Amino acid sequence: MKYASEFRDPAAARALLAAIATRAEALGATRAKPIHIMEICGGHTHSIFRYGLDRLIHDGIEFIHGPGCPVCVLPMARVDECVEIAEQPGVIFTTFGDAMRVPGHRKSLMQAKAEGADIRMVYSPLDALELARRNPGREVVFFGLGFETTTPSTALSIQQAAREGLGNFSLFCNHITVPEPIRALLDDPDMVLDGFIGPGHVSMVIGIHPYDFIAQDYGKPIVVAGFEPTDLLQSVLMVLTQIAEGRAAVENQYARVVPDHGNPVSLAAIADVYERRPSFEWRGLGEIESSGLRIRETYRAHDAEAKFGIGYGAASRNVPEIAGCACGSVMTGKMKPTACPQFGTGCTPEMPLGALMVSSEGACAAYWQYGGARAAAE
Ligand code: SF4
């Protein structure tokens with residue numbers, strides 16, 4: 001298979017759906033007693049809804065939408081801290097566009113920009129570096145956000161800033177890691193999870209072995225998957241096959257892109273620039289040990305937390321979530337987006353109340369974009 005169209009071939013998809021149905025029935029899975037498979041990555045959630053896989057797949061398979069959307073899991077206190085930095089005199093605050101509308105306690109970055117803060121949307125941390133070069137009298141801050149997929153690019157930017165002596169460039173680091181929240185979910189006695197679809201892009205960087213504990217310690221199958229419909233269906237079938245055979249292993253359906261041992265250049269850059277925080281707060285999941293990164297002492301000159309005295313340990317932490325927002329329950333699979341009383345009424349992509357409706361990778365946004373009217377009718 002060489003081209004995207006081959007991964008969207010209807011005949012191949014139908015054959016996989018039939019094989020999944022046969023497996024699911026053999027395992028006794030029904031709508032009332034489904035097999036719960038969590039797709040960890042928000043990109044997979046988006047693909048599932050984009051291609052209607054939730055409706056096409058056998059009734060006995062229930063997708064649980066995991067916490068793999070970095071914008072969605074960013075706690076409100078960190079949004080407040082972004083605004084606080086952005087409102088400092090002389091600061092140019094740069095960010096990817098999807099973080100602009102995430103609600104903070106006081107305001108979003110979009111609202112702060114409307115009120116006069118110099119906040120600019122960029123496509124890459126390299127754009128922020130260029131702004132720092134062109135504005136030597138200003139402090140340029142990049143909002144570093146995301147899982148292991150985006151961490152290498154910010155690490156390389158910090159290394160480059162250090163090489164050039166760009167003292168006016170810093171990063172507000174909110175990078176987080178995937179394996180630790182999975183462990184937290186597996187330790188939650190209220191969670192019922194039978195298997196996982198592992199993230200494709202993150203695994204390009206870290207490889208598949210950081211997930212070994214899922215199979216070895218918890219006895220659950222995980223299959224790292226691509227993003228096309230047949231990728232996802234094949235991965236579901238691989239999970240069901242493991243369950244049917246009484247096995248639990250880490251398997252790589254996305255081997256055309258994901259090397260089992262990850263990308264050594266990216267991993268070296270991450271290790272050079274970042275170290276683990278003792279813990280990090282996740283919206284909806286609370287504090288999770290060793291799940292966040294911070295900038296090492298060597299690069300402290302480019303750490304916005306140190307430069308502005310704002311960040312971890314500051315008094316603004318543990319800001320309560322917005323009343324009525326059920327993002328935490330949705331992110332832990334305890335509630336479907338459509339069960340949230342705000343869905344489609346108090347919370348829409350145009351006027352989001354919770355982070356899951358802001359990002360295109362958020363489960364609520366995916367439900368709304370591809371099935372909002374259907375869901376509202378249901
Ligand atoms: S509909 Fe809005 S408020 Fe409800 S869980 Fe989703 S994002 Fe949160």
# chains A, B, ... in the order shown; residues from 1 in each chain; ligands from 1
$ residues_near_ligand --ligand "ligand 1" --cutoff "7 Å" --atoms "only C-alpha atoms and all ligand atoms" --output "list in words"
Gly324, Cys325, Ala326, Cys327, Val330, Pro337, Cys340, Pro341, Gln342, Phe343, Gly344, Cys347, Thr348, Pro352, Leu353, Gly354, Ala355, Leu356, Met357 and Cys364 of chain A
$ select_by_dssp --residues "range 202-245 of chain A" --states "alpha helix (DSSP H)" --output "VMD selection string"
chain A and resid 202 to 206 212 to 216 229 to 244
$ write_last_selection --atoms "N, CA and C atoms" --output "compact mmCIF listing (two decimals), in the first residue's frame"
# COMPACT_ATOMS: atom_id res chain seq x y z
N VAL A 202 3.12 10.41 18.15
CA VAL A 202 3.98 10.34 19.34
C VAL A 202 4.95 9.17 19.21
N SER A 203 4.45 8.04 18.72
CA SER A 203 5.28 6.84 18.65
C SER A 203 6.38 6.96 17.60
N MET A 204 6.19 7.84 16.61
CA MET A 204 7.29 8.09 15.65
C MET A 204 8.52 8.59 16.40
N VAL A 205 8.29 9.32 17.49
CA VAL A 205 9.41 9.87 18.26
C VAL A 205 9.89 8.87 19.32
N ILE A 206 8.95 8.30 20.08
CA ILE A 206 9.39 7.49 21.23
C ILE A 206 9.46 5.99 20.94
N ASP A 212 5.37 -0.89 26.86
CA ASP A 212 5.50 -2.30 27.28
C ASP A 212 4.75 -2.57 28.59
N PHE A 213 4.76 -1.58 29.50
CA PHE A 213 4.13 -1.80 30.81
C PHE A 213 2.63 -2.10 30.68
N ILE A 214 2.00 -1.59 29.62
CA ILE A 214 0.54 -1.79 29.46
C ILE A 214 0.25 -3.28 29.30
N ALA A 215 1.07 -3.94 28.50
CA ALA A 215 0.89 -5.38 28.30
C ALA A 215 1.46 -6.17 29.47
N GLN A 216 2.66 -5.77 29.92
CA GLN A 216 3.35 -6.60 30.92
C GLN A 216 2.75 -6.45 32.32
N PRO A 229 -8.75 5.15 7.62
CA PRO A 229 -9.79 4.24 8.14
C PRO A 229 -9.36 2.78 8.22
N THR A 230 -8.65 2.30 7.19
CA THR A 230 -8.26 0.88 7.26
C THR A 230 -7.16 0.66 8.31
N ASP A 231 -6.34 1.72 8.57
CA ASP A 231 -5.37 1.61 9.68
C ASP A 231 -6.10 1.35 10.99
N LEU A 232 -7.12 2.16 11.23
CA LEU A 232 -7.83 2.06 12.51
C LEU A 232 -8.59 0.74 12.62
N LEU A 233 -9.24 0.34 11.52
CA LEU A 233 -10.00 -0.92 11.58
C LEU A 233 -9.06 -2.10 11.76
N GLN A 234 -7.93 -2.07 11.05
CA GLN A 234 -6.98 -3.18 11.21
C GLN A 234 -6.46 -3.23 12.65
N SER A 235 -6.26 -2.06 13.24
CA SER A 235 -5.75 -2.02 14.62
C SER A 235 -6.78 -2.56 15.60
N VAL A 236 -8.06 -2.22 15.39
CA VAL A 236 -9.11 -2.78 16.25
C VAL A 236 -9.10 -4.30 16.13
N LEU A 237 -8.99 -4.79 14.89
CA LEU A 237 -8.97 -6.24 14.68
C LEU A 237 -7.77 -6.88 15.39
N MET A 238 -6.63 -6.20 15.34
CA MET A 238 -5.42 -6.74 16.01
C MET A 238 -5.62 -6.79 17.53
N VAL A 239 -6.29 -5.77 18.08
CA VAL A 239 -6.59 -5.78 19.53
C VAL A 239 -7.52 -6.96 19.85
N LEU A 240 -8.57 -7.12 19.04
CA LEU A 240 -9.54 -8.20 19.29
C LEU A 240 -8.86 -9.57 19.16
N THR A 241 -7.95 -9.67 18.21
CA THR A 241 -7.24 -10.96 18.01
C THR A 241 -6.42 -11.29 19.26
N GLN A 242 -5.75 -10.28 19.80
CA GLN A 242 -4.98 -10.54 21.03
C GLN A 242 -5.92 -11.00 22.15
N ILE A 243 -7.05 -10.31 22.29
CA ILE A 243 -7.99 -10.68 23.37
C ILE A 243 -8.47 -12.12 23.14
N ALA A 244 -8.80 -12.44 21.89
CA ALA A 244 -9.32 -13.80 21.58
C ALA A 244 -8.26 -14.86 21.87
$ residues_around --residues "range 251-260 of chain A" --least-positions-apart "5" --cutoff "6 Å" --atoms "only C-alpha atoms" --output "compact mmCIF listing (two decimals) with C-alpha atoms, in the first residue's frame"
# COMPACT_ATOMS: atom_id res chain seq x y z
CA MET A 204 7.29 8.09 15.65
CA GLY A 207 8.89 4.14 19.49
CA ILE A 208 6.64 1.40 20.83
CA VAL A 223 -1.68 -1.54 18.88
CA VAL A 224 0.07 1.59 17.58
CA ALA A 225 -2.03 2.76 14.64
CA GLY A 226 -2.07 5.01 11.60
$ atom_distance --atom1 "CA of Glu39 in chain A" --atom2 "CA of Ala11 in chain A"
23.7 Å
$ atom_distance --atom1 "CA of Arg296 in chain A" --atom2 "CA of Asp272 in chain A"
7.9 Å
$ select_by_dssp --residues "range 55-281 of chain A" --states "strand (DSSP E or B)" --output "PyMOL selection string"
chain A and resi 61-68+91-95+119-121+139-146+169-176+195-198+222-224+250-252+274-276+279-281
$ residues_around --residues "range 104-106 of chain A" --least-positions-apart "4" --cutoff "6 Å" --atoms "only C-alpha atoms" --output "VMD selection string"
chain A and resid 76 79 to 80
$ closest_atom_pairs --of "range 226-279 of chain A" --to "range 138-155 of chain A" --cutoff "7 Å" --atoms "only C-alpha atoms" --output "CSV"
residue,atom,partner,partner_atom,distance
A:Ser266,CA,A:Pro152,CA,5.2
A:Ala269,CA,A:Ala155,CA,5.8
A:Ile270,CA,A:Pro152,CA,5.7
A:Val273,CA,A:Ala155,CA,5.7
$ write_last_selection --atoms "N, CA and C atoms" --output "PDB file, in the first residue's frame"
ATOM      1  N   SER A 266      15.628  12.929  17.582  1.00  0.00           N
ATOM      2  CA  SER A 266      14.621  13.657  18.367  1.00  0.00           C
ATOM      3  C   SER A 266      14.773  13.341  19.854  1.00  0.00           C
ATOM      4  N   ALA A 269      17.665  15.258  21.349  1.00  0.00           N
ATOM      5  CA  ALA A 269      17.376  16.684  21.550  1.00  0.00           C
ATOM      6  C   ALA A 269      16.501  16.880  22.787  1.00  0.00           C
ATOM      7  N   ILE A 270      15.490  16.014  22.942  1.00  0.00           N
ATOM      8  CA  ILE A 270      14.604  16.113  24.115  1.00  0.00           C
ATOM      9  C   ILE A 270      15.421  15.916  25.397  1.00  0.00           C
ATOM     10  N   VAL A 273      17.600  18.996  26.349  1.00  0.00           N
ATOM     11  CA  VAL A 273      16.963  20.262  26.755  1.00  0.00           C
ATOM     12  C   VAL A 273      16.030  20.100  27.954  1.00  0.00           C
TER      13      VAL A 273
END
$ closest_atom_pairs --of "range 172-280 of chain A" --to "range 40-53 of chain A" --cutoff "8 Å" --atoms "only C-alpha atoms" --output "CSV"
residue,atom,partner,partner_atom,distance
A:Phe196,CA,A:Ile40,CA,7.1
A:Ile197,CA,A:Ile40,CA,6.3
A:Gly198,CA,A:Ile40,CA,6.0
A:Pro199,CA,A:Cys41,CA,5.2
A:Gly200,CA,A:Cys41,CA,7.9
A:Phe227,CA,A:His44,CA,6.0
A:Glu228,CA,A:Ser47,CA,7.0
A:Pro229,CA,A:Tyr51,CA,6.6
A:Leu232,CA,A:Ile48,CA,7.8
$ write_last_selection --atoms "C-alpha atoms" --output "PDB file, in the first residue's frame"
ATOM      1  CA  PHE A 196      -5.759   0.491  23.418  1.00  0.00           C
ATOM      2  CA  ILE A 197      -5.149   2.065  20.048  1.00  0.00           C
ATOM      3  CA  GLY A 198      -1.717   3.647  20.536  1.00  0.00           C
ATOM      4  CA  PRO A 199      -0.808   7.076  19.158  1.00  0.00           C
ATOM      5  CA  GLY A 200       0.885   7.187  15.757  1.00  0.00           C
ATOM      6  CA  PHE A 227      -4.786   7.544  10.876  1.00  0.00           C
ATOM      7  CA  GLU A 228      -6.562   6.250   7.793  1.00  0.00           C
ATOM      8  CA  PRO A 229      -9.795   4.244   8.140  1.00  0.00           C
ATOM      9  CA  LEU A 232      -7.825   2.059  12.513  1.00  0.00           C
TER      10      LEU A 232
END
$ atom_distance --atom1 "CA of Met110 in chain A" --atom2 "CA of Val122 in chain A"
13.8 Å
$ closest_residue --among "A:Arg183, A:Lys220, A:Lys33, A:Lys307" --to "Leu171 in chain A" --atoms "only C-alpha atoms"
A:Lys307
$ closest_residue --among "A:Val250, A:Cys72, A:Leu285, A:Ala86" --to "Ala363 in chain A" --atoms "only C-alpha atoms"
A:Cys72
$ closest_residue --among "A:Ala306, A:Ala365, A:Ile288, A:Ile20" --to "Asp187 in chain A" --atoms "only C-alpha atoms"
A:Ile288
$ closest_residue --among "A:Ile92, A:Leu193, A:Leu27, A:Val83" --to "Glu115 in chain A" --atoms "only C-alpha atoms"
A:Val83
